[in-house]
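K.L.:
One structure coming up, written as structure tokens, with questions to follow.
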Amino acid sequence: MEDGNSAYDPDLGDWKTLITVFSPTEAYLLRGVLQAAGVPASVADAHLVQAHGLLAPAIPVRVQVPEQRMDQGKQVLAAFERGDYGLSEDEVHE
């Protein structure tokens with residue numbers, strides 16, 4: 001996991017795209033959310049977007065999970081989009 005991507009485990013199947021986004025930062029954030037929830041995750045094409053800055057709006061960045069963990073990945077992504085992982089005002093300390 002040198003680059004932050006989860007290690008490939010052939011027992012879990014091939015990597016499949018869970019979601020595509022147009023920001024490497026968003027892709028890395030989603031990868032971290034998935035990994036924190038126990039879902040192996042990988043970001044693909046982020047370096048391509050960074051290398052070709054003028055084409056960046058046309059190149060999607062893929063967030064991928066193993067085929068056998070796709071349903072769990074979808075659940076984590078839905079929970080994140082609902083705000084289930086957000087902090088309430090009571091939990092924020094200054």
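Residues in the structure tokens are numbered from 1 in each chain, the chains being A, B, ... in the order shown, and ligands are numbered from 1 in the order shown.
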Can you tell me, as a JSON list (two decimals) with N, CA, C and O atoms, in the first residue's frame, which residues in range 24-78 of chain A count as alpha helix (DSSP H) by DSSP?

P.N.:
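After the write, states_37.json holds the following:
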[["chain", "number", "residue", "atom", "x", "y", "z"],
["A", 24, "PRO", "N", -8.93, 14.53, -8.47],
["A", 24, "PRO", "CA", -8.12, 13.56, -7.74],
["A", 24, "PRO", "C", -8.30, 13.67, -6.22],
["A", 24, "PRO", "O", -8.33, 12.66, -5.52],
["A", 25, "THR", "N", -8.45, 14.89, -5.73],
["A", 25, "THR", "CA", -8.63, 15.09, -4.29],
["A", 25, "THR", "C", -9.88, 14.38, -3.79],
["A", 25, "THR", "O", -9.87, 13.71, -2.76],
["A", 26, "GLU", "N", -10.98, 14.51, -4.53],
["A", 26, "GLU", "CA", -12.22, 13.84, -4.15],
["A", 26, "GLU", "C", -12.05, 12.32, -4.20],
["A", 26, "GLU", "O", -12.54, 11.59, -3.33],
["A", 27, "ALA", "N", -11.34, 11.84, -5.22],
["A", 27, "ALA", "CA", -11.11, 10.40, -5.34],
["A", 27, "ALA", "C", -10.31, 9.87, -4.15],
["A", 27, "ALA", "O", -10.64, 8.82, -3.58],
["A", 28, "TYR", "N", -9.27, 10.60, -3.75],
["A", 28, "TYR", "CA", -8.47, 10.18, -2.59],
["A", 28, "TYR", "C", -9.28, 10.23, -1.30],
["A", 28, "TYR", "O", -9.13, 9.36, -0.43],
["A", 29, "LEU", "N", -10.15, 11.20, -1.17],
["A", 29, "LEU", "CA", -11.02, 11.30, 0.01],
["A", 29, "LEU", "C", -11.94, 10.09, 0.07],
["A", 29, "LEU", "O", -12.07, 9.44, 1.12],
["A", 30, "LEU", "N", -12.57, 9.76, -1.05],
["A", 30, "LEU", "CA", -13.48, 8.61, -1.08],
["A", 30, "LEU", "C", -12.74, 7.30, -0.82],
["A", 30, "LEU", "O", -13.25, 6.42, -0.14],
["A", 31, "ARG", "N", -11.52, 7.18, -1.37],
["A", 31, "ARG", "CA", -10.72, 5.98, -1.10],
["A", 31, "ARG", "C", -10.48, 5.84, 0.40],
["A", 31, "ARG", "O", -10.60, 4.76, 0.96],
["A", 32, "GLY", "N", -10.14, 6.94, 1.06],
["A", 32, "GLY", "CA", -9.90, 6.91, 2.50],
["A", 32, "GLY", "C", -11.14, 6.54, 3.29],
["A", 32, "GLY", "O", -11.06, 5.79, 4.27],
["A", 33, "VAL", "N", -12.29, 7.04, 2.88],
["A", 33, "VAL", "CA", -13.55, 6.69, 3.55],
["A", 33, "VAL", "C", -13.82, 5.20, 3.41],
["A", 33, "VAL", "O", -14.17, 4.52, 4.39],
["A", 34, "LEU", "N", -13.64, 4.68, 2.21],
["A", 34, "LEU", "CA", -13.86, 3.25, 1.98],
["A", 34, "LEU", "C", -12.90, 2.41, 2.79],
["A", 34, "LEU", "O", -13.30, 1.44, 3.45],
["A", 35, "GLN", "N", -11.62, 2.77, 2.78],
["A", 35, "GLN", "CA", -10.63, 2.00, 3.53],
["A", 35, "GLN", "C", -10.90, 2.07, 5.03],
["A", 35, "GLN", "O", -10.75, 1.06, 5.73],
["A", 36, "ALA", "N", -11.32, 3.22, 5.53],
["A", 36, "ALA", "CA", -11.64, 3.34, 6.96],
["A", 36, "ALA", "C", -12.82, 2.47, 7.34],
["A", 36, "ALA", "O", -12.92, 2.01, 8.48],
["A", 46, "ALA", "N", -5.57, 9.16, -11.57],
["A", 46, "ALA", "CA", -5.32, 10.47, -10.95],
["A", 46, "ALA", "C", -4.06, 11.11, -11.51],
["A", 46, "ALA", "O", -4.03, 12.32, -11.74],
["A", 47, "HIS", "N", -3.04, 10.31, -11.74],
["A", 47, "HIS", "CA", -1.79, 10.86, -12.27],
["A", 47, "HIS", "C", -1.96, 11.35, -13.71],
["A", 47, "HIS", "O", -1.34, 12.32, -14.11],
["A", 48, "LEU", "N", -2.82, 10.70, -14.46],
["A", 48, "LEU", "CA", -3.10, 11.12, -15.82],
["A", 48, "LEU", "C", -3.75, 12.51, -15.82],
["A", 48, "LEU", "O", -3.39, 13.38, -16.60],
["A", 49, "VAL", "N", -4.67, 12.73, -14.90],
["A", 49, "VAL", "CA", -5.33, 14.03, -14.77],
["A", 49, "VAL", "C", -4.31, 15.09, -14.38],
["A", 49, "VAL", "O", -4.31, 16.20, -14.92],
["A", 50, "GLN", "N", -3.43, 14.76, -13.46],
["A", 50, "GLN", "CA", -2.44, 15.73, -13.00],
["A", 50, "GLN", "C", -1.41, 16.04, -14.08],
["A", 50, "GLN", "O", -0.92, 17.15, -14.17],
["A", 51, "ALA", "N", -1.10, 15.07, -14.93],
["A", 51, "ALA", "CA", -0.10, 15.28, -15.98],
["A", 51, "ALA", "C", -0.65, 16.08, -17.16],
["A", 51, "ALA", "O", 0.09, 16.75, -17.85],
["A", 70, "MET", "N", -18.07, -4.93, -3.86],
["A", 70, "MET", "CA", -18.79, -3.85, -4.52],
["A", 70, "MET", "C", -20.05, -3.43, -3.74],
["A", 70, "MET", "O", -20.29, -2.24, -3.55],
["A", 71, "ASP", "N", -20.83, -4.40, -3.28],
["A", 71, "ASP", "CA", -22.05, -4.05, -2.53],
["A", 71, "ASP", "C", -21.72, -3.27, -1.26],
["A", 71, "ASP", "O", -22.37, -2.28, -0.94],
["A", 72, "GLN", "N", -20.70, -3.72, -0.53],
["A", 72, "GLN", "CA", -20.28, -3.01, 0.67],
["A", 72, "GLN", "C", -19.77, -1.62, 0.32],
["A", 72, "GLN", "O", -20.07, -0.65, 1.01],
["A", 73, "GLY", "N", -19.03, -1.50, -0.78],
["A", 73, "GLY", "CA", -18.55, -0.20, -1.23],
["A", 73, "GLY", "C", -19.69, 0.75, -1.55],
["A", 73, "GLY", "O", -19.65, 1.93, -1.19],
["A", 74, "LYS", "N", -20.73, 0.24, -2.21],
["A", 74, "LYS", "CA", -21.90, 1.07, -2.53],
["A", 74, "LYS", "C", -22.60, 1.54, -1.26],
["A", 74, "LYS", "O", -23.06, 2.68, -1.18],
["A", 75, "GLN", "N", -22.68, 0.67, -0.26],
["A", 75, "GLN", "CA", -23.31, 1.05, 1.01],
["A", 75, "GLN", "C", -22.51, 2.14, 1.72],
["A", 75, "GLN", "O", -23.08, 3.09, 2.26],
["A", 76, "VAL", "N", -21.19, 2.01, 1.74],
["A", 76, "VAL", "CA", -20.33, 3.02, 2.37],
["A", 76, "VAL", "C", -20.45, 4.35, 1.64],
["A", 76, "VAL", "O", -20.58, 5.41, 2.26],
["A", 77, "LEU", "N", -20.42, 4.30, 0.32],
["A", 77, "LEU", "CA", -20.54, 5.52, -0.48],
["A", 77, "LEU", "C", -21.89, 6.20, -0.23],
["A", 77, "LEU", "O", -21.96, 7.42, -0.05],
["A", 78, "ALA", "N", -22.97, 5.43, -0.18],
["A", 78, "ALA", "CA", -24.30, 6.00, 0.09],
["A", 78, "ALA", "C", -24.35, 6.63, 1.48],
["A", 78, "ALA", "O", -24.91, 7.72, 1.66]]

K.L.:
Figure out the distance between CA of Asp14 in chain A and CA of Val43 in chain A, please, to one decimal in Å.

P.N.:
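CA of Asp14 in chain A lies 13.9 Å from CA of Val43 in chain A.
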
K.L.:
As a list of chain:residue names, please: every residue in chain A that a backbone DSSP assignment puts in strand (DSSP E).

P.N.:
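Those residues are A:Trp15, A:Lys16, A:Thr17, A:Leu18, A:Ile19, A:Thr20, A:Val21, A:Ser42, A:Val43, A:Ala44, A:Val61, A:Arg62, A:Val63, A:Gln64, A:Val65, A:Pro66.
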
K.L.:
Please determine, counting only C-alpha atoms, which residue among A:Val65, A:Val21, A:Leu87, A:Leu55 has the shortest atom-to-atom distance to Pro40 in chain A.

P.N.:
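For Pro40 in chain A, the nearest of the given residues is A:Val65.
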
K.L.:
From the set A:Ala37, A:Ser88, A:Leu54, A:Gln64, which residue has the shortest atom-to-atom contact distance to Tyr8 in chain A, counting only C-alpha atoms?

P.N.:
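Comparing A:Ala37, A:Ser88, A:Leu54, A:Gln64 against Tyr8 in chain A, the winner is A:Gln64.
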
K.L.:
In Å to one decimal, how far is CA of Val39 in chain A from CA of Gly13 in chain A?

P.N.:
13.1 Å

K.L.:
Which is closest to Ala7 in chain A among A:Val61, A:Ala79, A:Phe22, A:Pro66, if we use only C-alpha atoms?

P.N.:
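Going through A:Val61, A:Ala79, A:Phe22, A:Pro66 one by one, the smallest distance to Ala7 in chain A is for A:Pro66.
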
K.L.:
Using CA of Ile59 in chain A and CA of Gly86 in chain A as the two end points, give the distance in Å to one decimal.

P.N.:
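Interatomic distance here is 28.9 Å.
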
K.L.:
From the set A:Glu2, A:Trp15, A:Thr20, A:Asp9, which residue has the shortest atom-to-atom contact distance to Glu67 in chain A, counting only C-alpha atoms?

P.N.:
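Of all the options, A:Trp15 lies closest to Glu67 in chain A.
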